[in-house]
Amino acid sequence: MKQTFNITGMTCTACSSAIEKKLNHLDGVTSCQVNLLANTMVVEYNDITENDIIQAVEDVGYGASIPSESAPAPSYDQISEKMKKRFIYSAIFTVPLFYIAMGHMMNWPLPSILMDNALLNALLQLLLTIPVLILNREFFIHGFKSLVKGNPNMDSLIAIGSTAAVLYGIYAITKIAIGVQTHDMALVHEFIMDLYFETSAMILTLITLGKYLETKSKGKTSEAISKLIDLAPKTATLIKNHKEVVVPVEDVQLGDIICVKPGQRVPVDGVITKGYTTIDESAITGESIPVEKSVHSKVVGATINKSGYFEFEATKVGQDTTLSQIIKLVEEAANSKAPISKMADKVSSIFVPTVIGIAIVSTIIWLLLGKSLEFSLSIGIAVLVISCPCALGLATPTAIMVGTGKGAENGILIKSAEILETAGSIQAIVLDKTGTITEGKPKVTDVIVNENIKESEFYYIAYSLEKKSEHPLAQAVIQYLKDTEFKEIDFDNFKSISARGINAVLNDTQYFAGNLALLEENGIDTTKIRPAVEKFAKQGKTALCFANQSEILGIIAVADVIKEDSIKAINKLHEMGIETLMLTGDNQIIAEAVFKQLNLNNYVAEVFPEDKQNYIKKLQAEGKVVAMVGDGINDAPALVSADIGIAIGAGTDVAIESADIVLTRSNLWDVITTIQLSKATLKNIKQNLFWALIYNSIGIPLAAGLFYGILGWKLNPMFGAFAMSFSSVSVVANALRLKNFKGEKPTMNIQNTKVIQIEGMSCGHCQARVEKALNAIDGVEATVNLESKSATVKLTKEVANEILKKAVEDAGYDVITID
């Protein structure tokens, strides 16, 4: 069983390490991962209860609870607002305290009563310090609690340092009181200079400021998840008894019919039952161009209906919707740990006890060297407050959270931090063919028409014959010819001939559509078209031959065409030094044709699922980091066996479930973006770890007074507190730079000019309205010709025909054609 828990009381990576250590040694727990950034813990367990897990966390000194809608974990905004108030109230007391304590050193004007009465001065400083201690009591509660439990953390360092400063201050007040009583002004003067209240208050106030800034920054790292959650519509409009009923989206049931109007978001996943529209799916897939949808098309929750009214049947609701699954994947990835973070965890687990030891030893050494208690104590406190392991603990999770969020924005769903780190090390990529490299459905690629027949006549014969066939190749022909204007022919005696094709009768004349064998079996001479058919076969295309009983009418070649981005992606992979291989169940001829077009390193045809798996194991045995990209059920074993399984999003649920990374756009170029994102994230993590380690490597010796004897450098504890806070903020800020990540984009082949035939324009005003409407579209430069009733559109970026059509129709005119 797997369960997520909210954790309270954590302040640094020592906290998360202590909890993980406790839970991972608990009987019944399979694994435990604590996310310091999100204040959550994911536990896999059996033969143990949730209460046992919560009790184990409490035994270490922290709080744990199961997330629920009634008691959700506080948001970063709520936490940062609390920290902000705490800082402001602390500053209200700390500023006058600092002024009183340091005023005499800075020659600032002070009331004579404070200048002349040392005891009153000291007591006033204590009174101003007490509210700061109370406001920041959490540091002491958590710090000493963890110390007693044997798991000291950042709060322990702060609590020990601040307490030592206050206790020394109280000791100094006692000495001042004795000096006043005995009229020993030398003793009074000595200890009025040694009050440490302002140091304690400044440490607590500056660290609270740092925590506030850090929390604000942390909130930005989880913006991607917040944006995804905000995408979900709150209501849905159901069609019940021919009436529209608005209900909360949580009440939508499987099978409900839902209507969506222009501009509204789709509430859940489903299949269109009525209507035609274009939908902006950028929120889910990252694809900016709206997608045309009609009856039987799938729609995804949280996408935006750009134009047209439609109704659809709900097929996935609640936690099963695509959006919910994406949010779950991104959250799980953000909560997981990358292998590189294990080093930081090991260092952090011994870091705090070591720092406490260094602080104690430093204090004793300086006392033995003859320095005053005040000097030696300041050294120990400086070591404690500058040595916060927060920066070390935040180095990895901040970068991982931003990286996985950035991937989601680009339609790349990465299931774990380990995968995000490994993706940058890919050495070989194994590609499935159908649906991965190719479109996954046949399209018309070539048309040859007999010179004795008009092209239009051939088209309406071909369309009318194939219209009655359910074969996938026939559907490709119908799709190709669907926008052609002609009158459909009613053939008689339609027959489908297995493995051959179809034939039908018109005016006592036999017509045929199929392969060469069909024509030859019916006595038709195929000598003239055989070379063309064989040429198409070598190119991996299927030739559909059309004829009547006396002559050949023409050929339509159909193939599962290679995606444009596949060619560019594979070329780019070669530039990156990554080996590319294609494994396909298709026959040798088709596989070889694709292989030659793509310039792949190798290919294997006619393979079974277990063959793909074995081939991947062979590559891994050669010491290569192997990725598998596929979309079908037959790819699932290979996706699991590969070091990284990448599923094309348009594929089956089985493939997506088996994969480590899901590309929602079904675009092979996103593999490139994934690799680049992985490298950028890993680089960011290394930068964070470097600066965190360097900071402590320099800060601790400086605070311990190592450079005092040589260069006279001594670190004031107040500056140590500021530096400690700044280190954590700087690490988070560096991770946020990943939000600017932009993967390399392929060069697109844009159709530069389109001509739109428009009906309804009658005057110059009409011309101006259409021009204005078209030119308002980003990437469009349009000129309208009133005489020809047309608009010439020049494009500087990809713009869908549906967008152009809608702009004209919204202006009040009809679009006839777009060429």
# chains A, B, ... in the order shown; residues from 1 in each chain; ligands from 1
>>> select_by_dssp(residues="stretch 479-696 of chain A", states="helix (DSSP H, G or I)", output="VMD selection string")
chain A and resid 479 to 481 516 to 521 530 to 538 564 to 575 588 to 598 609 to 621 633 to 641 653 to 658 669 to 696
>>> atom_distance(atom1="atom CA of A:His765", atom2="atom CA of A:Asp819")
24.4 Å
>>> closest_residue(among="A:Thr396, A:Cys15, A:Ile54, A:Lys572", to="A:Leu600", atoms="only C-alpha atoms")
A:Lys572
>>> closest_atom_pairs(of="stretch 124-238 of chain A", to="stretch 303-306 of chain A", cutoff="10 Å", atoms="only C-alpha atoms", output="tab-separated table")
residue	atom	partner	partner_atom	distance
A:Leu231	CA	A:Thr303	CA	8.3
A:Ala232	CA	A:Thr303	CA	8.9
A:Pro233	CA	A:Thr303	CA	9.6
>>> closest_residue(among="A:Ile694, A:Met401, A:Ala164, A:Ala423", to="A:Ile661", atoms="only C-alpha atoms")
A:Ala423
>>> residues_around(residues="A:Glu250", least_positions_apart="4", cutoff="12 Å", atoms="only C-alpha atoms", output="list in words")
Ala232, Pro233, Lys234, Thr235, Ala236, Val246, Leu254, Pro267, Val268, Lys316, Val317, Gly318, Gln319, Asp320 and Thr321 of chain A
>>> write_last_selection(atoms="C-alpha atoms", output="compact mmCIF listing (two decimals), in the first residue's frame")
# COMPACT_ATOMS: atom_id res chain seq x y z
CA ALA A 232 -10.19 22.12 -13.59
CA PRO A 233 -13.70 23.58 -14.16
CA LYS A 234 -15.89 23.77 -11.07
CA THR A 235 -19.19 22.99 -12.82
CA ALA A 236 -20.56 21.00 -15.76
CA VAL A 246 -25.62 22.89 -14.10
CA LEU A 254 -19.94 8.05 -16.29
CA PRO A 267 -15.29 19.59 -17.50
CA VAL A 268 -14.26 15.89 -17.81
CA LYS A 316 -13.64 9.44 -17.34
CA VAL A 317 -14.60 11.40 -14.23
CA GLY A 318 -13.11 12.34 -10.87
CA GLN A 319 -9.59 11.05 -10.25
CA ASP A 320 -9.62 9.11 -13.54
CA THR A 321 -9.57 12.16 -15.83
>>> select_by_dssp(residues="stretch 398-592 of chain A", states="strand (DSSP E)", output="ChimeraX atom specification")
/A:412-414,428-432,443-449,492-497,501-506,509-514,542-548,552-559,579-583
>>> closest_residue(among="A:Val640, A:Val533, A:Ala776, A:Leu431", to="A:Val604", atoms="only C-alpha atoms")
A:Leu431
>>> closest_residue(among="A:Glu198, A:Glu592, A:Glu455, A:Asp586", to="A:Ala91", atoms="only C-alpha atoms")
A:Glu198
>>> residues_around(residues="A:Phe690", least_positions_apart="3", cutoff="12 Å", atoms="only C-alpha atoms", output="PyMOL selection string")
chain A and resi 344+391-392+395-396+683-687+693-697+727+731+734
>>> write_last_selection(atoms="all heavy atoms", output="short mmCIF file (atom, residue, chain, number, x, y, z; two decimals), in the first residue's frame")
data_model
loop_
_atom_site.label_atom_id
_atom_site.label_comp_id
_atom_site.auth_asym_id
_atom_site.auth_seq_id
_atom_site.Cartn_x
_atom_site.Cartn_y
_atom_site.Cartn_z
N ALA A 344 23.54 14.32 -0.62
CA ALA A 344 23.19 15.42 0.28
C ALA A 344 22.55 14.88 1.55
O ALA A 344 22.81 15.39 2.66
CB ALA A 344 22.24 16.38 -0.43
N ALA A 391 20.23 24.95 2.89
CA ALA A 391 20.61 25.09 1.49
C ALA A 391 20.93 23.74 0.89
O ALA A 391 20.56 23.43 -0.25
CB ALA A 391 21.81 26.03 1.37
N LEU A 392 21.61 22.90 1.66
CA LEU A 392 21.97 21.56 1.20
C LEU A 392 20.72 20.71 0.96
O LEU A 392 20.62 19.99 -0.03
CB LEU A 392 22.86 20.90 2.25
CG LEU A 392 23.74 19.72 1.82
CD1 LEU A 392 24.69 20.13 0.71
CD2 LEU A 392 24.51 19.18 3.01
N ALA A 395 18.66 21.93 -2.21
CA ALA A 395 19.35 21.94 -3.49
C ALA A 395 18.69 21.05 -4.54
O ALA A 395 18.48 21.47 -5.68
CB ALA A 395 20.81 21.51 -3.29
N THR A 396 18.34 19.82 -4.14
CA THR A 396 17.76 18.88 -5.11
C THR A 396 16.25 19.04 -5.29
O THR A 396 15.78 19.18 -6.42
CB THR A 396 18.09 17.43 -4.70
OG1 THR A 396 19.50 17.30 -4.63
CG2 THR A 396 17.55 16.45 -5.71
N LYS A 683 22.18 20.02 -14.12
CA LYS A 683 23.16 21.10 -14.01
C LYS A 683 22.77 22.05 -12.87
O LYS A 683 23.63 22.48 -12.08
CB LYS A 683 23.24 21.87 -15.33
CG LYS A 683 24.24 23.02 -15.33
CD LYS A 683 24.24 23.73 -16.67
CE LYS A 683 25.19 24.93 -16.68
NZ LYS A 683 25.14 25.66 -17.98
N ASN A 684 21.47 22.34 -12.77
CA ASN A 684 20.98 23.23 -11.72
C ASN A 684 21.19 22.62 -10.34
O ASN A 684 21.60 23.30 -9.40
CB ASN A 684 19.50 23.53 -11.96
CG ASN A 684 18.98 24.67 -11.11
OD1 ASN A 684 18.70 24.49 -9.94
ND2 ASN A 684 18.85 25.84 -11.71
N ILE A 685 20.94 21.32 -10.22
CA ILE A 685 21.13 20.62 -8.94
C ILE A 685 22.60 20.69 -8.52
O ILE A 685 22.93 20.96 -7.37
CB ILE A 685 20.67 19.15 -9.04
CG1 ILE A 685 19.14 19.08 -9.16
CG2 ILE A 685 21.12 18.35 -7.82
CD1 ILE A 685 18.62 17.70 -9.47
N LYS A 686 23.48 20.43 -9.47
CA LYS A 686 24.92 20.45 -9.18
C LYS A 686 25.37 21.85 -8.75
O LYS A 686 26.21 21.99 -7.85
CB LYS A 686 25.71 19.98 -10.40
CG LYS A 686 25.59 18.48 -10.65
CD LYS A 686 26.35 18.05 -11.90
CE LYS A 686 26.27 16.54 -12.11
NZ LYS A 686 26.95 16.12 -13.36
N GLN A 687 24.81 22.87 -9.41
CA GLN A 687 25.13 24.25 -9.01
C GLN A 687 24.68 24.50 -7.57
O GLN A 687 25.42 25.07 -6.76
CB GLN A 687 24.43 25.25 -9.94
CG GLN A 687 25.00 25.31 -11.34
CD GLN A 687 24.14 26.15 -12.27
OE1 GLN A 687 22.99 26.47 -11.95
NE2 GLN A 687 24.68 26.49 -13.43
N LEU A 693 27.63 23.58 -0.44
CA LEU A 693 28.81 22.99 0.20
C LEU A 693 29.94 24.01 0.35
O LEU A 693 30.63 24.05 1.38
CB LEU A 693 29.28 21.77 -0.61
CG LEU A 693 28.34 20.56 -0.58
CD1 LEU A 693 28.75 19.52 -1.61
CD2 LEU A 693 28.31 19.94 0.81
N ILE A 694 30.14 24.82 -0.71
CA ILE A 694 31.19 25.85 -0.64
C ILE A 694 30.87 26.86 0.46
O ILE A 694 31.74 27.29 1.21
CB ILE A 694 31.33 26.57 -2.01
CG1 ILE A 694 32.05 25.66 -2.99
CG2 ILE A 694 32.06 27.89 -1.86
CD1 ILE A 694 33.49 25.36 -2.64
N TYR A 695 29.59 27.22 0.53
CA TYR A 695 29.16 28.19 1.55
C TYR A 695 29.52 27.70 2.95
O TYR A 695 30.10 28.43 3.75
CB TYR A 695 27.65 28.40 1.42
CG TYR A 695 27.02 29.00 2.65
CD1 TYR A 695 27.09 30.36 2.90
CD2 TYR A 695 26.37 28.18 3.58
CE1 TYR A 695 26.54 30.90 4.05
CE2 TYR A 695 25.82 28.71 4.73
CZ TYR A 695 25.90 30.07 4.95
OH TYR A 695 25.37 30.61 6.08
N ASN A 696 29.19 26.44 3.24
CA ASN A 696 29.49 25.90 4.56
C ASN A 696 31.00 25.67 4.75
O ASN A 696 31.52 25.83 5.85
CB ASN A 696 28.73 24.58 4.78
CG ASN A 696 27.28 24.82 5.16
OD1 ASN A 696 27.00 25.44 6.17
ND2 ASN A 696 26.36 24.35 4.34
N SER A 697 31.69 25.30 3.67
CA SER A 697 33.14 25.07 3.75
C SER A 697 33.88 26.35 4.12
O SER A 697 34.89 26.31 4.82
CB SER A 697 33.67 24.53 2.42
OG SER A 697 33.06 23.31 2.09
N SER A 727 21.72 32.02 2.11
CA SER A 727 22.14 30.82 1.38
C SER A 727 20.94 29.99 0.93
O SER A 727 20.90 29.50 -0.20
CB SER A 727 23.07 29.97 2.25
OG SER A 727 22.37 29.40 3.34
N VAL A 731 19.68 29.40 -3.09
CA VAL A 731 19.53 28.07 -3.70
C VAL A 731 18.17 27.94 -4.37
O VAL A 731 18.05 27.46 -5.50
CB VAL A 731 19.74 26.96 -2.64
CG1 VAL A 731 19.19 25.63 -3.14
CG2 VAL A 731 21.22 26.81 -2.32
N ASN A 734 18.04 30.09 -7.47
CA ASN A 734 18.76 29.47 -8.59
C ASN A 734 17.90 28.39 -9.25
O ASN A 734 17.87 28.28 -10.49
CB ASN A 734 20.08 28.86 -8.11
CG ASN A 734 20.92 28.32 -9.26
OD1 ASN A 734 21.18 29.02 -10.24
ND2 ASN A 734 21.33 27.08 -9.15
#
>>> atom_distance(atom1="atom CA of A:Ala201", atom2="atom CA of A:Lys149")
26.1 Å
>>> atom_distance(atom1="atom CA of A:Ala359", atom2="atom CA of A:Tyr212")
26.5 Å
>>> residues_around(residues="A:Gln125", least_positions_apart="3", cutoff="6 Å", atoms="only C-alpha atoms", output="VMD selection string")
chain A and resid 97 122 128
>>> write_last_selection(atoms="all heavy atoms", output="tab-separated table (two decimals), in the first residue's frame")
chain	number	residue	atom	x	y	z
A	97	LEU	N	15.65	47.63	20.11
A	97	LEU	CA	16.64	46.90	20.91
A	97	LEU	C	18.04	47.10	20.34
A	97	LEU	O	19.00	47.38	21.07
A	97	LEU	CB	16.28	45.41	20.94
A	97	LEU	CG	17.33	44.46	21.53
A	97	LEU	CD1	17.59	44.82	23.00
A	97	LEU	CD2	16.87	43.01	21.40
A	122	ALA	N	20.12	47.66	30.66
A	122	ALA	CA	20.19	46.21	30.49
A	122	ALA	C	18.82	45.56	30.62
A	122	ALA	O	18.44	44.67	29.84
A	122	ALA	CB	21.16	45.62	31.49
A	128	LEU	N	12.74	43.98	25.81
A	128	LEU	CA	12.50	44.02	24.37
A	128	LEU	C	12.82	42.67	23.71
A	128	LEU	O	12.27	42.35	22.66
A	128	LEU	CB	13.36	45.12	23.73
A	128	LEU	CG	12.91	46.57	23.99
A	128	LEU	CD1	13.97	47.56	23.54
A	128	LEU	CD2	11.57	46.85	23.31
>>> decode(residues="stretch 371-387 of chain A", atoms="N, CA and C atoms", output="short mmCIF file (atom, residue, chain, number, x, y, z; two decimals), in the first residue's frame")
data_model
loop_
_atom_site.label_atom_id
_atom_site.label_comp_id
_atom_site.auth_asym_id
_atom_site.auth_seq_id
_atom_site.Cartn_x
_atom_site.Cartn_y
_atom_site.Cartn_z
N LYS A 371 41.14 33.93 25.58
CA LYS A 371 40.13 34.91 25.19
C LYS A 371 39.00 34.93 26.23
N SER A 372 38.26 36.06 26.24
CA SER A 372 37.18 36.22 27.21
C SER A 372 36.02 35.27 26.90
N LEU A 373 35.19 35.08 27.91
CA LEU A 373 34.00 34.24 27.72
C LEU A 373 33.11 34.84 26.64
N GLU A 374 32.99 36.17 26.63
CA GLU A 374 32.16 36.86 25.64
C GLU A 374 32.66 36.58 24.22
N PHE A 375 33.98 36.68 24.01
CA PHE A 375 34.59 36.42 22.69
C PHE A 375 34.38 34.95 22.29
N SER A 376 34.69 34.07 23.20
CA SER A 376 34.60 32.62 22.91
C SER A 376 33.16 32.20 22.63
N LEU A 377 32.23 32.77 23.42
CA LEU A 377 30.82 32.44 23.23
C LEU A 377 30.32 32.95 21.88
N SER A 378 30.78 34.13 21.48
CA SER A 378 30.35 34.66 20.18
C SER A 378 30.82 33.77 19.04
N ILE A 379 32.02 33.18 19.21
CA ILE A 379 32.55 32.25 18.20
C ILE A 379 31.62 31.03 18.09
N GLY A 380 31.27 30.45 19.24
CA GLY A 380 30.40 29.26 19.24
C GLY A 380 29.03 29.56 18.64
N ILE A 381 28.46 30.70 18.99
CA ILE A 381 27.13 31.07 18.47
C ILE A 381 27.21 31.30 16.95
N ALA A 382 28.27 31.96 16.49
CA ALA A 382 28.43 32.22 15.06
C ALA A 382 28.50 30.91 14.27
N VAL A 383 29.23 29.93 14.81
CA VAL A 383 29.31 28.62 14.14
C VAL A 383 27.93 27.99 14.04
N LEU A 384 27.16 28.06 15.11
CA LEU A 384 25.83 27.44 15.13
C LEU A 384 24.89 28.07 14.11
N VAL A 385 24.86 29.40 14.05
CA VAL A 385 23.84 30.06 13.23
C VAL A 385 24.23 30.12 11.74
N ILE A 386 25.53 30.01 11.42
CA ILE A 386 25.91 30.08 10.01
C ILE A 386 25.86 28.70 9.35
N SER A 387 25.78 27.66 10.16
CA SER A 387 25.92 26.30 9.62
C SER A 387 24.61 25.61 9.33
#
